[in-house]
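Chemist: Dropping in my_file_37.cif, with mmCIF, C-alpha atoms and all ligand atoms.
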```cif
data_model
loop_
_atom_site.label_atom_id
_atom_site.label_comp_id
_atom_site.auth_asym_id
_atom_site.auth_seq_id
_atom_site.Cartn_x
_atom_site.Cartn_y
_atom_site.Cartn_z
CA LYS A 1 0.00 0.00 0.00
CA LYS A 2 1.25 3.47 -0.90
CA ASN A 3 0.90 6.44 1.45
CA LEU A 4 1.39 10.11 0.67
CA ILE A 5 1.49 12.28 3.81
CA ILE A 6 1.01 16.00 3.09
CA PHE A 7 1.50 18.95 5.45
CA GLY A 8 2.64 22.53 5.39
CA THR A 9 2.72 24.34 8.72
CA ARG A 10 4.58 23.87 12.01
CA PRO A 11 1.68 22.37 13.99
CA GLU A 12 0.81 19.92 11.20
CA ALA A 13 4.45 18.86 10.97
CA ILE A 14 4.69 18.22 14.73
CA LYS A 15 1.47 16.21 14.72
CA MET A 16 2.31 14.23 11.55
CA ALA A 17 5.99 13.57 12.35
CA PRO A 18 5.41 10.50 14.55
CA LEU A 19 3.01 9.06 11.94
CA VAL A 20 5.59 9.60 9.18
CA ASN A 21 8.35 7.93 11.16
CA GLN A 22 6.24 4.97 12.24
CA PHE A 23 4.95 4.41 8.69
CA LEU A 24 8.50 4.66 7.30
CA GLN A 25 9.60 1.84 9.61
CA ASP A 26 6.72 -0.37 8.54
CA GLU A 27 7.58 -2.55 5.57
CA ARG A 28 3.97 -3.19 4.68
CA PHE A 29 3.81 0.35 3.29
CA GLU A 30 5.62 2.57 0.84
CA THR A 31 5.35 6.02 2.41
CA LYS A 32 6.31 9.38 0.92
CA VAL A 33 6.12 12.87 2.39
CA CYS A 34 5.14 16.06 0.61
CA VAL A 35 5.45 19.47 2.28
CA THR A 36 3.78 22.55 0.84
CA GLY A 37 6.01 24.98 2.71
CA GLN A 38 3.00 27.06 3.86
CA HIS A 39 5.32 27.90 6.78
CA ARG A 40 9.02 27.67 5.92
CA GLU A 41 11.45 28.29 8.78
CA MET A 42 9.11 26.96 11.46
CA LEU A 43 8.33 23.86 9.38
CA ASP A 44 11.98 23.09 8.65
CA GLN A 45 12.89 23.23 12.35
CA VAL A 46 10.39 20.47 13.02
CA LEU A 47 11.52 18.33 10.06
CA ASN A 48 15.05 18.64 11.36
CA PHE A 49 14.26 17.52 14.89
CA PHE A 50 12.25 14.50 13.73
CA ASP A 51 14.82 13.71 11.04
CA ILE A 52 12.33 13.79 8.18
CA THR A 53 13.45 14.54 4.63
CA PRO A 54 10.44 15.31 2.45
CA ASP A 55 10.26 13.49 -0.88
CA TYR A 56 8.48 16.49 -2.42
CA ASP A 57 8.57 20.17 -1.45
CA LEU A 58 6.20 22.65 -3.11
CA SER A 59 7.94 25.63 -1.38
CA LEU A 60 4.85 27.80 -1.58
CA MET A 61 5.64 30.38 1.09
CA LYS A 62 5.95 33.89 -0.34
CA PRO A 63 5.82 37.33 1.25
CA ASN A 64 2.15 38.30 1.67
CA GLN A 65 0.98 34.91 0.43
CA ASN A 66 -2.80 35.01 0.18
CA LEU A 67 -5.35 32.25 0.57
CA TYR A 68 -6.53 32.37 -3.06
CA ASN A 69 -3.07 31.73 -4.47
CA LEU A 70 -2.06 29.30 -1.78
CA THR A 71 -5.15 27.13 -2.27
CA GLY A 72 -4.73 27.09 -6.06
CA GLU A 73 -1.00 26.43 -5.90
CA VAL A 74 -1.36 23.53 -3.45
CA ILE A 75 -3.94 21.80 -5.67
CA ALA A 76 -2.03 22.43 -8.91
CA GLY A 77 1.32 21.59 -7.30
CA LEU A 78 0.08 18.24 -6.02
CA LYS A 79 -1.31 17.10 -9.38
CA PRO A 80 1.96 15.81 -10.93
CA ILE A 81 3.01 14.23 -7.62
CA LEU A 82 -0.28 12.39 -7.21
CA GLU A 83 -0.23 11.32 -10.86
CA SER A 84 3.29 9.93 -10.73
CA PHE A 85 3.33 8.35 -7.23
CA LYS A 86 -0.32 7.16 -7.38
CA PRO A 87 -0.86 6.77 -3.62
CA ASP A 88 -3.63 4.54 -2.26
CA PHE A 89 -3.96 6.81 0.78
CA VAL A 90 -3.43 10.55 1.15
CA TYR A 91 -3.08 11.83 4.72
CA VAL A 92 -3.92 15.40 5.68
CA HIS A 93 -4.01 16.93 9.13
CA GLY A 94 -6.25 19.39 10.95
CA ASP A 95 -7.57 22.64 9.53
CA THR A 96 -5.07 24.67 7.52
CA THR A 97 -5.25 25.82 3.91
CA THR A 98 -2.80 23.03 3.09
CA THR A 99 -5.20 20.54 4.72
CA MET A 100 -8.21 21.71 2.75
CA ALA A 101 -6.48 22.05 -0.61
CA ALA A 102 -4.54 18.78 -0.26
CA SER A 103 -7.69 16.89 0.67
CA ILE A 104 -9.37 18.16 -2.52
CA ALA A 105 -6.33 17.22 -4.62
CA GLY A 106 -6.25 13.77 -2.98
CA PHE A 107 -9.93 13.34 -3.77
CA TYR A 108 -9.39 14.31 -7.43
CA SER A 109 -6.61 11.72 -7.69
CA GLY A 110 -8.94 8.92 -6.59
CA ALA A 111 -6.84 8.10 -3.50
CA LYS A 112 -8.58 7.51 -0.21
CA VAL A 113 -8.21 10.68 1.84
CA CYS A 114 -7.42 10.12 5.53
CA HIS A 115 -8.08 13.07 7.83
CA VAL A 116 -5.96 13.07 10.97
CA GLU A 117 -7.33 15.17 13.87
CA ALA A 118 -10.79 14.88 12.33
CA GLY A 119 -14.09 16.05 13.77
CA LEU A 120 -13.12 19.22 15.65
CA ARG A 121 -15.94 21.70 15.17
CA THR A 122 -17.02 25.18 16.15
CA ASN A 123 -19.89 24.87 13.64
CA ASN A 124 -19.50 28.55 12.91
CA MET A 125 -19.26 28.48 9.11
CA LEU A 126 -19.94 32.21 8.99
CA SER A 127 -16.67 32.93 10.73
CA PRO A 128 -14.41 34.99 8.47
CA PHE A 129 -11.49 32.79 9.58
CA PRO A 130 -10.83 29.75 7.45
CA GLU A 131 -10.14 26.96 9.95
CA GLU A 132 -13.72 25.69 10.38
CA MET A 133 -14.31 25.67 6.63
CA ASN A 134 -10.97 23.94 6.09
CA ARG A 135 -11.71 21.15 8.54
CA GLN A 136 -15.28 20.67 7.31
CA VAL A 137 -14.17 20.44 3.66
CA ALA A 138 -11.50 17.88 4.61
CA GLY A 139 -14.19 16.00 6.55
CA ARG A 140 -16.50 15.94 3.50
CA VAL A 141 -13.93 14.53 1.11
CA ALA A 142 -12.18 12.14 3.49
CA THR A 143 -12.84 8.40 3.36
CA TYR A 144 -11.33 7.77 6.80
CA HIS A 145 -11.50 10.02 9.85
CA PHE A 146 -9.03 9.74 12.71
CA ALA A 147 -10.80 11.54 15.54
CA PRO A 148 -8.75 12.50 18.59
CA THR A 149 -11.62 12.19 21.09
CA ILE A 150 -15.11 10.70 21.50
CA LYS A 151 -16.52 14.21 21.18
CA SER A 152 -14.90 14.69 17.79
CA GLN A 153 -16.31 11.31 16.74
CA GLU A 154 -19.78 12.48 17.84
CA ASN A 155 -19.41 15.63 15.73
CA LEU A 156 -18.73 13.48 12.67
CA LEU A 157 -21.61 11.10 13.37
CA LYS A 158 -23.95 14.11 13.50
CA GLU A 159 -22.83 14.91 9.95
CA ASN A 160 -23.91 11.42 8.83
CA ILE A 161 -20.37 10.13 8.50
CA THR A 162 -20.51 6.38 9.06
CA LYS A 163 -19.14 4.92 12.26
CA GLU A 164 -17.03 2.36 10.34
CA SER A 165 -15.07 5.15 8.69
CA ILE A 166 -14.13 6.81 12.01
CA LEU A 167 -11.49 5.71 14.50
CA VAL A 168 -10.99 7.42 17.86
CA THR A 169 -7.22 7.54 18.26
CA GLY A 170 -6.22 10.26 20.74
CA ASN A 171 -4.24 13.18 19.36
CA THR A 172 -0.93 12.44 17.66
CA VAL A 173 0.46 15.58 19.35
CA ILE A 174 0.81 13.49 22.50
CA ASP A 175 2.77 10.82 20.57
CA ALA A 176 5.15 13.59 19.45
CA LEU A 177 5.37 15.12 22.91
CA LEU A 178 6.07 11.89 24.79
CA GLU A 179 8.75 10.95 22.29
CA SER A 180 10.31 14.40 22.58
CA SER A 181 10.13 15.19 26.28
CA SER A 182 12.59 12.46 27.21
CA ARG A 183 14.94 13.70 24.46
CA VAL A 184 14.89 17.32 25.70
CA GLU A 185 15.43 16.90 29.44
CA ASP A 186 19.07 18.01 29.33
CA LEU A 187 18.73 19.94 26.11
CA GLU A 188 21.65 22.19 25.27
CA ASN A 189 21.32 24.30 22.15
CA GLU A 190 21.46 27.93 21.08
CA ASP A 191 17.86 28.68 22.18
CA VAL A 192 18.41 27.24 25.65
CA THR A 193 21.78 28.93 26.15
CA SER A 194 20.33 32.25 25.11
CA LEU A 195 17.26 31.88 27.38
CA LYS A 196 19.43 30.88 30.34
CA SER A 197 21.68 33.89 29.81
CA LYS A 198 18.88 36.43 30.25
CA ILE A 199 16.21 34.73 32.36
CA ASP A 200 16.21 33.73 36.00
CA PHE A 201 14.80 30.19 35.94
CA ASP A 202 14.54 30.13 39.75
CA LYS A 203 11.61 32.51 39.32
CA ARG A 204 8.20 31.36 38.18
CA ILE A 205 7.95 31.40 34.39
CA ILE A 206 4.83 32.39 32.45
CA LEU A 207 5.07 31.19 28.86
CA VAL A 208 3.01 33.04 26.26
CA THR A 209 2.25 32.21 22.62
CA GLY A 210 -0.29 33.72 20.25
CA HIS A 211 -0.90 33.88 16.54
CA ARG A 212 -4.56 33.37 15.58
CA ARG A 213 -6.01 35.61 12.88
CA GLU A 214 -9.11 36.20 15.01
CA ASN A 215 -6.90 37.95 17.59
CA HIS A 216 -5.08 40.19 15.11
CA GLY A 217 -5.72 43.91 15.72
CA GLN A 218 -7.53 44.82 18.94
CA GLY A 219 -7.13 41.29 20.35
CA PHE A 220 -3.34 41.51 20.46
CA ILE A 221 -3.48 45.06 21.83
CA ASN A 222 -5.61 43.79 24.74
CA ILE A 223 -3.37 40.77 25.28
CA CYS A 224 -0.27 42.98 25.40
CA ALA A 225 -1.95 45.35 27.88
CA ALA A 226 -2.69 42.38 30.14
CA LEU A 227 0.85 40.99 29.92
CA LYS A 228 2.30 44.39 30.73
CA GLU A 229 0.14 44.73 33.83
CA ILE A 230 0.93 41.18 35.00
CA ALA A 231 4.66 41.83 34.56
CA LEU A 232 4.53 45.11 36.48
CA GLN A 233 2.43 43.68 39.33
CA ASN A 234 4.63 40.58 39.67
CA PRO A 235 8.31 41.50 39.43
CA ASP A 236 9.11 38.05 40.86
CA VAL A 237 7.77 36.41 37.70
CA GLU A 238 9.44 36.11 34.30
CA ILE A 239 7.26 36.23 31.18
CA ILE A 240 8.71 34.55 28.09
CA TYR A 241 6.99 35.14 24.79
CA PRO A 242 8.28 33.45 21.62
CA VAL A 243 6.65 35.76 19.08
CA HIS A 244 5.09 34.23 15.95
CA LEU A 245 6.65 35.49 12.69
CA ASN A 246 3.36 36.80 11.25
CA PRO A 247 3.76 40.62 10.89
CA ASN A 248 0.24 41.15 12.32
CA VAL A 249 1.56 39.64 15.54
CA LEU A 250 5.17 40.86 15.52
CA LYS A 251 4.30 44.54 15.08
CA PRO A 252 1.93 45.17 18.03
CA VAL A 253 3.88 42.90 20.34
CA ASN A 254 7.19 44.61 19.61
CA GLU A 255 5.61 48.06 19.90
CA LEU A 256 3.81 47.42 23.18
CA LEU A 257 6.05 45.03 25.11
CA ALA A 258 9.63 45.68 24.07
CA ASP A 259 10.83 47.64 27.09
CA ILE A 260 9.56 45.73 30.10
CA LYS A 261 12.26 44.20 32.26
CA ASN A 262 10.59 40.90 33.07
CA ILE A 263 9.00 40.34 29.66
CA HIS A 264 11.31 38.52 27.26
CA LEU A 265 10.29 38.63 23.61
CA VAL A 266 12.16 35.94 21.72
CA LYS A 267 12.01 34.39 18.26
CA PRO A 268 9.79 31.32 17.79
CA LEU A 269 11.59 28.45 19.42
CA SER A 270 12.40 25.19 17.76
CA TYR A 271 10.03 22.44 18.87
CA PRO A 272 12.51 20.74 21.27
CA SER A 273 13.38 24.10 22.86
CA PHE A 274 9.70 24.89 23.22
CA VAL A 275 8.97 21.54 24.89
CA TRP A 276 11.94 22.15 27.20
CA LEU A 277 10.53 25.57 28.06
CA MET A 278 6.97 24.29 28.62
CA ASN A 279 8.48 21.89 31.14
CA LYS A 280 10.21 24.75 32.96
CA SER A 281 7.08 26.92 33.01
CA TYR A 282 4.67 27.56 35.85
CA LEU A 283 1.73 28.35 33.61
CA ILE A 284 1.02 28.93 29.93
CA ILE A 285 -1.08 31.65 28.28
CA THR A 286 -1.85 30.88 24.65
CA ASP A 287 -4.31 30.91 21.77
CA SER A 288 -2.68 27.83 20.23
CA GLY A 289 -4.62 24.63 19.73
CA GLY A 290 -1.62 22.33 20.01
CA VAL A 291 -0.27 23.91 23.18
CA GLN A 292 -3.60 23.39 24.99
CA GLU A 293 -3.42 19.72 24.06
CA GLU A 294 0.21 19.29 25.10
CA ALA A 295 0.38 21.24 28.34
CA PRO A 296 -1.81 18.96 30.52
CA SER A 297 0.55 16.05 29.81
CA LEU A 298 3.30 18.14 31.39
CA GLY A 299 1.08 19.22 34.30
CA LYS A 300 0.90 22.87 33.23
CA PRO A 301 -2.31 24.91 33.59
CA VAL A 302 -3.31 26.85 30.46
CA LEU A 303 -5.22 30.08 30.01
CA VAL A 304 -6.65 30.18 26.50
CA MET A 305 -7.01 33.57 24.82
CA ARG A 306 -10.08 32.70 22.78
CA ASP A 307 -13.81 33.20 23.27
CA THR A 308 -14.89 29.94 21.68
CA THR A 309 -13.07 26.70 21.22
CA GLU A 310 -13.21 23.63 19.04
CA ARG A 311 -11.45 21.86 21.90
CA PRO A 312 -14.14 21.74 24.63
CA GLU A 313 -12.67 18.58 26.17
CA ALA A 314 -9.92 20.60 27.84
CA VAL A 315 -12.33 23.15 29.27
CA GLU A 316 -14.56 20.33 30.60
CA ALA A 317 -11.62 18.42 32.02
CA GLY A 318 -10.54 21.68 33.75
CA THR A 319 -7.03 21.66 32.28
CA VAL A 320 -7.63 24.99 30.53
CA ILE A 321 -9.61 28.16 31.28
CA LEU A 322 -10.97 30.32 28.46
CA VAL A 323 -10.08 33.97 29.06
CA GLY A 324 -10.71 35.46 25.61
CA THR A 325 -8.80 38.63 24.81
CA ASN A 326 -10.36 40.54 27.65
CA THR A 327 -7.52 42.37 29.42
CA SER A 328 -8.97 42.26 32.92
CA LYS A 329 -9.99 38.60 32.65
CA ILE A 330 -6.47 37.58 31.55
CA ILE A 331 -4.99 39.52 34.49
CA LYS A 332 -7.50 38.14 37.02
CA GLU A 333 -7.11 34.46 36.08
CA THR A 334 -3.32 34.72 35.88
CA GLN A 335 -3.11 36.42 39.27
CA GLU A 336 -5.33 33.75 40.78
CA LEU A 337 -3.06 30.96 39.55
CA LEU A 338 -0.03 32.84 40.85
CA ASP A 339 -1.59 33.46 44.28
CA ASN A 340 -3.85 30.48 44.93
CA SER A 341 -1.65 27.42 45.26
CA ASP A 342 -4.58 25.05 45.88
CA LYS A 343 -6.23 26.03 42.63
CA TYR A 344 -2.89 25.78 40.87
CA LYS A 345 -2.20 22.31 42.25
CA SER A 346 -5.60 20.92 41.37
CA MET A 347 -5.43 22.30 37.85
CA SER A 348 -1.95 20.97 37.22
CA SER A 349 -2.72 17.42 38.32
CA LEU A 350 -5.66 16.72 36.01
CA HIS A 351 -5.82 13.95 33.43
CA ASN A 352 -5.11 14.95 29.82
CA PRO A 353 -8.23 14.30 27.69
CA TYR A 354 -6.21 14.29 24.44
CA GLY A 355 -4.62 10.90 24.49
CA ASP A 356 -2.00 8.44 25.62
CA GLY A 357 0.67 8.68 22.94
CA LYS A 358 -0.51 5.66 20.93
CA ALA A 359 -2.58 7.47 18.29
CA CYS A 360 -0.23 6.69 15.38
CA GLN A 361 -0.08 3.02 16.27
CA ARG A 362 -3.91 2.90 16.12
CA ILE A 363 -4.01 4.68 12.75
CA ILE A 364 -1.45 2.29 11.23
CA GLU A 365 -3.26 -0.81 12.50
CA PHE A 366 -6.54 0.50 11.11
CA ILE A 367 -5.06 1.14 7.65
CA SER A 368 -3.23 -2.18 7.57
CA ASN A 369 -6.45 -4.06 8.32
CA LEU A 370 -8.35 -2.53 5.39
N1 LIG B 1 5.65 25.53 19.21
C1 LIG B 1 7.01 25.55 18.86
N2 LIG B 1 7.71 26.71 19.06
C2 LIG B 1 7.14 27.85 19.54
C3 LIG B 1 5.75 27.83 19.87
C4 LIG B 1 5.04 26.65 19.67
O1 LIG B 1 7.56 24.54 18.42
O2 LIG B 1 7.84 28.87 19.69
C5 LIG B 1 4.89 24.27 18.99
C6 LIG B 1 4.02 23.77 20.12
O3 LIG B 1 4.70 22.83 20.92
C7 LIG B 1 2.83 23.14 19.42
C8 LIG B 1 2.78 23.83 18.08
O4 LIG B 1 4.01 24.52 17.91
O5 LIG B 1 3.02 21.76 19.18
C9 LIG B 1 1.61 24.81 18.04
O6 LIG B 1 1.69 25.55 16.91
P1 LIG B 1 0.82 26.87 16.68
O7 LIG B 1 0.53 27.51 17.98
O8 LIG B 1 1.55 27.64 15.64
O9 LIG B 1 -0.51 26.32 15.99
P2 LIG B 1 -1.89 25.72 16.51
O10 LIG B 1 -1.59 24.66 17.50
O11 LIG B 1 -2.70 26.83 17.09
O12 LIG B 1 -2.54 25.15 15.28
#
```
Please rewrite the model in this file as structure tokens.
Modeler:
Amino acid sequence: KKNLIIFGTRPEAIKMAPLVNQFLQDERFETKVCVTGQHREMLDQVLNFFDITPDYDLSLMKPNQNLYNLTGEVIAGLKPILESFKPDFVYVHGDTTTTMAASIAGFYSGAKVCHVEAGLRTNNMLSPFPEEMNRQVAGRVATYHFAPTIKSQENLLKENITKESILVTGNTVIDALLESSSRVEDLENEDVTSLKSKIDFDKRIILVTGHRRENHGQGFINICAALKEIALQNPDVEIIYPVHLNPNVLKPVNELLADIKNIHLVKPLSYPSFVWLMNKSYLIITDSGGVQEEAPSLGKPVLVMRDTTERPEAVEAGTVILVGTNTSKIIKETQELLDNSDKYKSMSSLHNPYGDGKACQRIIEFISNL
């Protein structure tokens, strides 16, 4: 059986890397990897760490790349690859433009499309942001759906997707994390040396990440105002913020937070450095999907800077709190976790609803039994 695994951004690469490596070791399959390069630098860092050399690279990242061109170029770029390799199965992940366009191309080729991290839903198709549309389109054209949780399976069943075509696997992000955390315990690299040179790791560390389009503009202004206030009120705390390379994020963050002593704006960290830093953190403030899934496995409470979420399992399990981009709410919940050690302890000892690190194994067994 021939597999083509396609991805383009950092989070997709992290979540597909363990699947790629496990498939490559399995002689029952011929597996090839195609990257679209929707992200470049951040994608390559991940490929490096997991030792993956793509068989095909569409290199589609350009300054001011827009969704029209990207979608068209992914579909057109995949055509010759699909026609020459002729995969039986095409794997896409999650909810990016690469996911949506690659799932359509896979469908055109006649391969069976396999959607990894299937069934997440906000059901807000009127949202101007593309993720929900991307994941729903991938869900429509996929033959097999690898749902991370029971809830995501239920979402798919409600859309009349048959139970036989869905497998609840857990999220592959946990497979990647468990494999990596043992490798990064004594990590020594440029990122870590540079962080250690300017940050006092005996202090409590708040780790911040943010990039979502829905928070661009006023959202990031509010977030920065909250971080500034938290930093000023808590000089005994260090805030570390690896800033996403998107100019809509870089600009306000650099303008509003550059000169505060205990806020450290750094470049996006390589995945191993980021896992190392999550481990060293006291709490995490983020709008990232992947980080909310990872952090509970490391016992770190997460405040999520979004108003709605397609990941309700974490909110229900109590491992994350939604704070939106409301400045006073971010400050209040952060302060509470800094001051109330009982609340902190109970939040950091909860079970992770996103899996046990065996998601890829389940996917491979399912495909091999077809
Ligand atoms: N991450 C990383 N370096 C960073 C920040 C995040 O490697 O500086 C990792 C993190 O561990 C997680 C993934 O990137 O697995 C999340 O990516 P992102 O927040 O860009 O996307 P989302 O998860 O929201 O789709």
Chemist: Which residues of chain A have any atom within 6 Å of an atom in ligand LIG 1 (chain B) when counting only C-alpha atoms and all ligand atoms, and what is the closest pair of atoms for each, with the distance in Å to one decimal? Order the rows by chain and rising number and write it as JSON lines.
Modeler:
```
{"residue": "A:Arg10", "atom": "CA", "partner": "B:LIG1", "partner_atom": "O6", "distance": 5.9}
{"residue": "A:Pro11", "atom": "CA", "partner": "B:LIG1", "partner_atom": "O6", "distance": 4.3}
{"residue": "A:Ile14", "atom": "CA", "partner": "B:LIG1", "partner_atom": "O5", "distance": 5.9}
{"residue": "A:Pro242", "atom": "CA", "partner": "B:LIG1", "partner_atom": "O2", "distance": 5.0}
{"residue": "A:Pro268", "atom": "CA", "partner": "B:LIG1", "partner_atom": "O2", "distance": 3.7}
{"residue": "A:Leu269", "atom": "CA", "partner": "B:LIG1", "partner_atom": "O2", "distance": 3.8}
{"residue": "A:Ser270", "atom": "CA", "partner": "B:LIG1", "partner_atom": "O1", "distance": 4.9}
{"residue": "A:Tyr271", "atom": "CA", "partner": "B:LIG1", "partner_atom": "O1", "distance": 3.3}
{"residue": "A:Phe274", "atom": "CA", "partner": "B:LIG1", "partner_atom": "N2", "distance": 5.0}
{"residue": "A:Val275", "atom": "CA", "partner": "B:LIG1", "partner_atom": "O3", "distance": 6.0}
{"residue": "A:Ser288", "atom": "CA", "partner": "B:LIG1", "partner_atom": "O11", "distance": 3.3}
{"residue": "A:Gly289", "atom": "CA", "partner": "B:LIG1", "partner_atom": "O10", "distance": 3.8}
{"residue": "A:Gly290", "atom": "CA", "partner": "B:LIG1", "partner_atom": "O10", "distance": 3.4}
{"residue": "A:Val291", "atom": "CA", "partner": "B:LIG1", "partner_atom": "C7", "distance": 4.9}
```
Chemist: Need the shell around Phe201 of chain A: protein/DNA/RNA residues with any atom at most 9 Å away, counting all atoms listed in the file. Skip same-chain ones fewer than 2 positions apart. Format as a PyMOL selection string?
Modeler: chain A and resi 196+199+203-205+238+280-281
Chemist: Output as a Markdown table one row per residue of segment 170-286 of chain A within 10 Å of segment 112-119 of chain A: the closest atom pair and its distance in Å to one decimal place, counting all atoms listed in the file, sorted by chain and residue number ascending.
Modeler:
```
| residue | atom | partner | partner_atom | distance |
| --- | --- | --- | --- | --- |
| A:Gly170 | CA | A:Glu117 | CA | 8.5 |
| A:Asn171 | CA | A:Glu117 | CA | 6.6 |
| A:Thr172 | CA | A:Glu117 | CA | 7.9 |
| A:Val173 | CA | A:Glu117 | CA | 9.5 |
```
Chemist: Mind dumping the selected residues with C-alpha atoms as an mmCIF file, in the coordinates of the input?
Modeler:
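Once written, result-v6.cif looks like this:
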```cif
data_model
loop_
_atom_site.group_PDB
_atom_site.id
_atom_site.type_symbol
_atom_site.label_atom_id
_atom_site.label_comp_id
_atom_site.auth_asym_id
_atom_site.auth_seq_id
_atom_site.Cartn_x
_atom_site.Cartn_y
_atom_site.Cartn_z
ATOM 1 C CA GLY A 170 -6.220 10.260 20.740
ATOM 2 C CA ASN A 171 -4.240 13.180 19.360
ATOM 3 C CA THR A 172 -0.930 12.440 17.660
ATOM 4 C CA VAL A 173 0.460 15.580 19.350
#
```
Chemist: Tell me which protein, DNA and RNA residues are within 12 Å of Glu365 of chain A, counting all atoms listed in the file, leaving out same-chain ones fewer than 4 positions away, and put them as an mmCIF file with C-alpha atoms, in the frame of the given file.
Modeler:
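What follows is the written file selection_3.cif:
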```cif
data_model
loop_
_atom_site.group_PDB
_atom_site.id
_atom_site.type_symbol
_atom_site.label_atom_id
_atom_site.label_comp_id
_atom_site.auth_asym_id
_atom_site.auth_seq_id
_atom_site.Cartn_x
_atom_site.Cartn_y
_atom_site.Cartn_z
ATOM 1 C CA LEU A 19 3.010 9.060 11.940
ATOM 2 C CA GLN A 22 6.240 4.970 12.240
ATOM 3 C CA PHE A 23 4.950 4.410 8.690
ATOM 4 C CA ASP A 26 6.720 -0.370 8.540
ATOM 5 C CA ARG A 28 3.970 -3.190 4.680
ATOM 6 C CA PHE A 29 3.810 0.350 3.290
ATOM 7 C CA LEU A 167 -11.490 5.710 14.500
ATOM 8 C CA THR A 169 -7.220 7.540 18.260
ATOM 9 C CA LYS A 358 -0.510 5.660 20.930
ATOM 10 C CA ALA A 359 -2.580 7.470 18.290
ATOM 11 C CA CYS A 360 -0.230 6.690 15.380
ATOM 12 C CA GLN A 361 -0.080 3.020 16.270
ATOM 13 C CA ASN A 369 -6.450 -4.060 8.320
ATOM 14 C CA LEU A 370 -8.350 -2.530 5.390
#
```
Chemist: State, in Å with one decimal place, the distance from atom CA of Asp356 of chain A to atom CA of Asp191 of chain A.
Modeler: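 Distance reported for this atom pair: 28.6 Å.
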Chemist: With all atoms listed in the file as the basis for distance, which of A:Leu177, A:Leu126, A:Ala13, A:Val168 is at the shortest distance from Thr98 of chain A?
Modeler: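 Among the listed residues, the smallest separation from Thr98 of chain A belongs to A:Ala13.
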Chemist: Residues at most 6 Å from Ile6 of chain A, counting all atoms listed in the file, excluding those fewer than 2 positions away in the same chain, as an NGL selection string?
Modeler: :A and (34-35 or 92)
Chemist: When you draw a straight line from atom CA of Gly299 of chain A to atom CA of Ser273 of chain A, how long is it in Å?
Modeler: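 Rounded to one decimal, the two atoms are 17.5 Å apart.
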